[in-house]
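Written out below as structure tokens is the structure these notes cover.
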Amino acid sequence: MNTDLVLEIVAGLCLVLGALMSLAAAIGLLRFPDLLSRMHAATKPQVFGLLLLLIGLALQLRSWAAVPVLIIAWLFQLLTVPVSAHMVGRAGYRTKHLHRETLSVDDLDAVVQKAAAEEAERRKADAAEEAALAADPELAAELAAEGDAGKKPAGKPKGVLRTKEPKETAAKASAKRRRES
Amino acid sequence: MTRSRIPLLVEVPLLVWLVILWGALWQDFSAGNLIFGLLIALAVVNIFYLPPVELAGRLNLWAAAVFVAAFLLNVAKASFEVFWIALTRGPRTKNGVLAVKLRSHSDLLVTATGHTISLIPGSLVVDVDRSTSTLYLHVLDIPDPDKADRFREQVRRIEAGLIRAIGSKEEVAMVKAEAANRRNGGTS
């Protein structure tokens, strides 16, 4: 048996297996119950399937110039798939597009509850402060005279619900200080 | 607010990558093409200004090779696993959202670990807490807490592999101390 035939057969096998992996992703999309588990089906078998297809392609083309392009195609897939899965998963979790009954453990739930409670607490404190100001015009005038420096910095909820990076807020605070001086 | 200049040395890995990318896309690695690619890379790096990726400044090629090999093997395994779960379990799959605290606080390592575990064992990064470098992962097929613990262990192992390849010296020392600890604990 000559090498050409062997390569040809291996390439064919790779292509068929790769296509099978895409089929696996499709079956997963149909069979899994909710968004988050469907994202699994959309990421893993598909990445491996693409790898097999690209290997099959490399074996079929047998040109060294094509290999870097194929590698880069796969690398970009590796880099982008987890990011898109993360974005969809994160948005799905936050908008509660998930079936709780499919989860046996949820470590994030407690964190989210805690952050939400802190946020509610802060809102209540802010509202109380405002009410106090409305009831006492003298205090309000005093605070207004003090300017920004007298304003209580609003506490950001800790943990995963924080939308701004600490660096960003620090930069803003320093910019504010510069403006004031 | 002016951003501080990034020293050229920090940009070198990025420049090398961009030149290789240029050559690969043209399928032409001749000197002329690469020099032109370098000029374009320099322009791109200077015009489209991004915060630099902070590498720890060490790279263990052997550990990196081990990691890549394990990664390829596991991508294949994970794909078949997801296929199998989809076929047999389907709508009755029990999943979990697990918090895993990583050792490293480097952005690059946390990102790399997040990427790897999205592809390898059957998980999806739902959220990241950067201040404590905790990953919140949605994991397929977690029917009981026992399996959850095993999964957490697996994530930490993947991180250890990455640290051995590109982590800083302190992190490597941490991983080594941990491994020694475990060995002692196993024998006693």
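Each chain in the structure tokens gets a letter, A, B and so on, in the order shown; residues start at 1 in every chain, and ligands are counted from 1 in the order they appear.
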Checklist line | Within 7 Å of chain B: residues of chain A, using only C-alpha atoms, as a ChimeraX atom specification | finding: /A:24,27-28,31-33,37,40-41,44-45,48,65-66,68-69,82,85-86,89-90,102-108,159-160
Put those residues in a file: N, CA, C and O atoms, as a compact mmCIF listing (two decimals), in the first residue's frame.
```txt
# COMPACT_ATOMS: atom_id res chain seq x y z
N ALA A 24 -22.84 15.73 16.79
CA ALA A 24 -22.95 15.65 18.24
C ALA A 24 -23.42 16.98 18.81
O ALA A 24 -24.28 17.03 19.70
N ILE A 27 -27.09 17.38 18.12
CA ILE A 27 -27.92 16.53 18.99
C ILE A 27 -27.97 17.13 20.39
O ILE A 27 -29.03 17.18 21.02
N GLY A 28 -26.79 17.61 20.85
CA GLY A 28 -26.75 18.23 22.18
C GLY A 28 -27.69 19.41 22.26
O GLY A 28 -28.42 19.59 23.23
N ARG A 31 -31.15 18.05 22.64
CA ARG A 31 -31.48 17.20 23.78
C ARG A 31 -31.37 17.91 25.12
O ARG A 31 -32.08 17.56 26.06
N PHE A 32 -30.44 18.86 25.24
CA PHE A 32 -30.24 19.45 26.57
C PHE A 32 -31.38 20.39 26.93
O PHE A 32 -31.99 21.02 26.06
N PRO A 33 -31.66 20.50 28.25
CA PRO A 33 -32.87 21.20 28.66
C PRO A 33 -32.78 22.72 28.67
O PRO A 33 -33.78 23.38 28.43
N SER A 37 -26.67 24.43 29.53
CA SER A 37 -26.16 23.12 29.11
C SER A 37 -26.08 23.04 27.58
O SER A 37 -25.24 22.33 27.04
N HIS A 40 -22.76 24.08 26.28
CA HIS A 40 -21.71 23.05 26.32
C HIS A 40 -21.67 22.31 24.99
O HIS A 40 -20.61 22.08 24.43
N ALA A 41 -22.86 21.93 24.53
CA ALA A 41 -22.92 21.19 23.28
C ALA A 41 -22.40 22.05 22.13
O ALA A 41 -21.78 21.55 21.19
N LYS A 44 -17.88 22.37 22.94
CA LYS A 44 -16.85 21.33 22.96
C LYS A 44 -16.76 20.46 21.72
O LYS A 44 -15.72 20.44 21.06
N PRO A 45 -17.80 19.73 21.36
CA PRO A 45 -17.63 18.81 20.23
C PRO A 45 -17.32 19.57 18.94
O PRO A 45 -16.58 19.08 18.09
N PHE A 48 -13.53 20.36 18.67
CA PHE A 48 -12.81 19.14 18.32
C PHE A 48 -13.12 18.73 16.88
O PHE A 48 -12.24 18.31 16.13
N ALA A 65 2.66 25.26 3.20
CA ALA A 65 2.24 26.66 3.31
C ALA A 65 0.85 26.77 3.92
O ALA A 65 0.52 27.76 4.57
N ALA A 66 0.04 25.71 3.74
CA ALA A 66 -1.35 25.78 4.23
C ALA A 66 -1.43 25.52 5.72
O ALA A 66 -2.38 25.94 6.38
N PRO A 68 0.21 26.62 8.54
CA PRO A 68 0.03 27.72 9.51
C PRO A 68 -1.37 28.33 9.47
O PRO A 68 -1.91 28.67 10.52
N VAL A 69 -1.95 28.44 8.29
CA VAL A 69 -3.30 29.01 8.19
C VAL A 69 -4.29 28.14 8.95
O VAL A 69 -5.15 28.63 9.69
N PRO A 82 -14.67 30.04 23.89
CA PRO A 82 -14.96 30.21 25.32
C PRO A 82 -15.50 31.60 25.64
O PRO A 82 -16.34 31.75 26.52
N ALA A 85 -19.12 31.70 24.63
CA ALA A 85 -19.87 30.86 25.57
C ALA A 85 -20.03 31.57 26.90
O ALA A 85 -21.09 31.55 27.53
N HIS A 86 -18.94 32.23 27.33
CA HIS A 86 -19.00 32.94 28.60
C HIS A 86 -20.00 34.10 28.54
O HIS A 86 -20.81 34.27 29.44
N GLY A 89 -23.47 32.65 28.44
CA GLY A 89 -23.77 32.02 29.72
C GLY A 89 -24.02 33.05 30.81
O GLY A 89 -24.97 32.95 31.58
N ARG A 90 -23.18 34.07 30.82
CA ARG A 90 -23.30 35.10 31.84
C ARG A 90 -24.61 35.87 31.69
O ARG A 90 -25.34 36.09 32.66
N THR A 102 -32.47 21.79 37.11
CA THR A 102 -31.41 20.98 36.53
C THR A 102 -30.10 21.14 37.31
O THR A 102 -29.13 20.46 37.02
N LEU A 103 -30.07 22.07 38.25
CA LEU A 103 -28.83 22.30 38.99
C LEU A 103 -28.86 21.54 40.32
O LEU A 103 -29.85 21.61 41.06
N SER A 104 -27.78 20.82 40.59
CA SER A 104 -27.70 20.17 41.90
C SER A 104 -26.97 21.06 42.90
O SER A 104 -27.22 20.99 44.10
N VAL A 105 -26.05 21.88 42.42
CA VAL A 105 -25.32 22.82 43.28
C VAL A 105 -25.35 24.18 42.59
O VAL A 105 -25.31 24.24 41.36
N ASP A 106 -25.41 25.26 43.35
CA ASP A 106 -25.26 26.59 42.76
C ASP A 106 -24.53 27.50 43.74
O ASP A 106 -25.12 28.07 44.64
N ASP A 107 -23.22 27.58 43.55
CA ASP A 107 -22.41 28.41 44.45
C ASP A 107 -22.61 29.89 44.17
O ASP A 107 -22.38 30.72 45.03
N LEU A 108 -22.98 30.21 42.93
CA LEU A 108 -23.08 31.61 42.56
C LEU A 108 -24.33 32.26 43.15
O LEU A 108 -24.35 33.45 43.45
N GLY A 159 -18.33 41.79 45.13
CA GLY A 159 -18.45 40.51 44.47
C GLY A 159 -18.80 40.61 43.01
O GLY A 159 -18.51 41.60 42.36
N VAL A 160 -19.43 39.60 42.54
CA VAL A 160 -19.57 39.42 41.10
C VAL A 160 -20.50 40.43 40.45
O VAL A 160 -20.44 40.62 39.25
```
Item checked: All helix (DSSP H, G or I) positions in region 73-134 of chain B, as a ChimeraX atom specification -> /B:73-88,90-92,107-119
Notebook entry, point to check: Tell me, which residues of chain A carry DSSP strand (DSSP E or B), written as number ranges by chain?
Noted result: A: 103-106
Check: What is the distance between CA of Met39 (chain A) and CA of Leu53 (chain A), in Å to one decimal?
Finding: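 Atom-to-atom, CA of Met39 (chain A) and CA of Leu53 (chain A) are spaced 21.1 Å apart.
Once Ile163 (chain B) and its same-chain neighbours fewer than 2 positions away are set aside, Ala56, Leu59, Asn60, Ala63, Ala64, Arg103, Ser104, Leu109, Thr113, Arg157, Ile158, Glu159, Ala160, Gly161, Ala165, Ile166, Gly167, Ser168, Lys169, Glu170, Glu171, Val172, Ala173, Met174 and Val175 of chain B remain within 10 Å of it when counting only C-alpha atoms.
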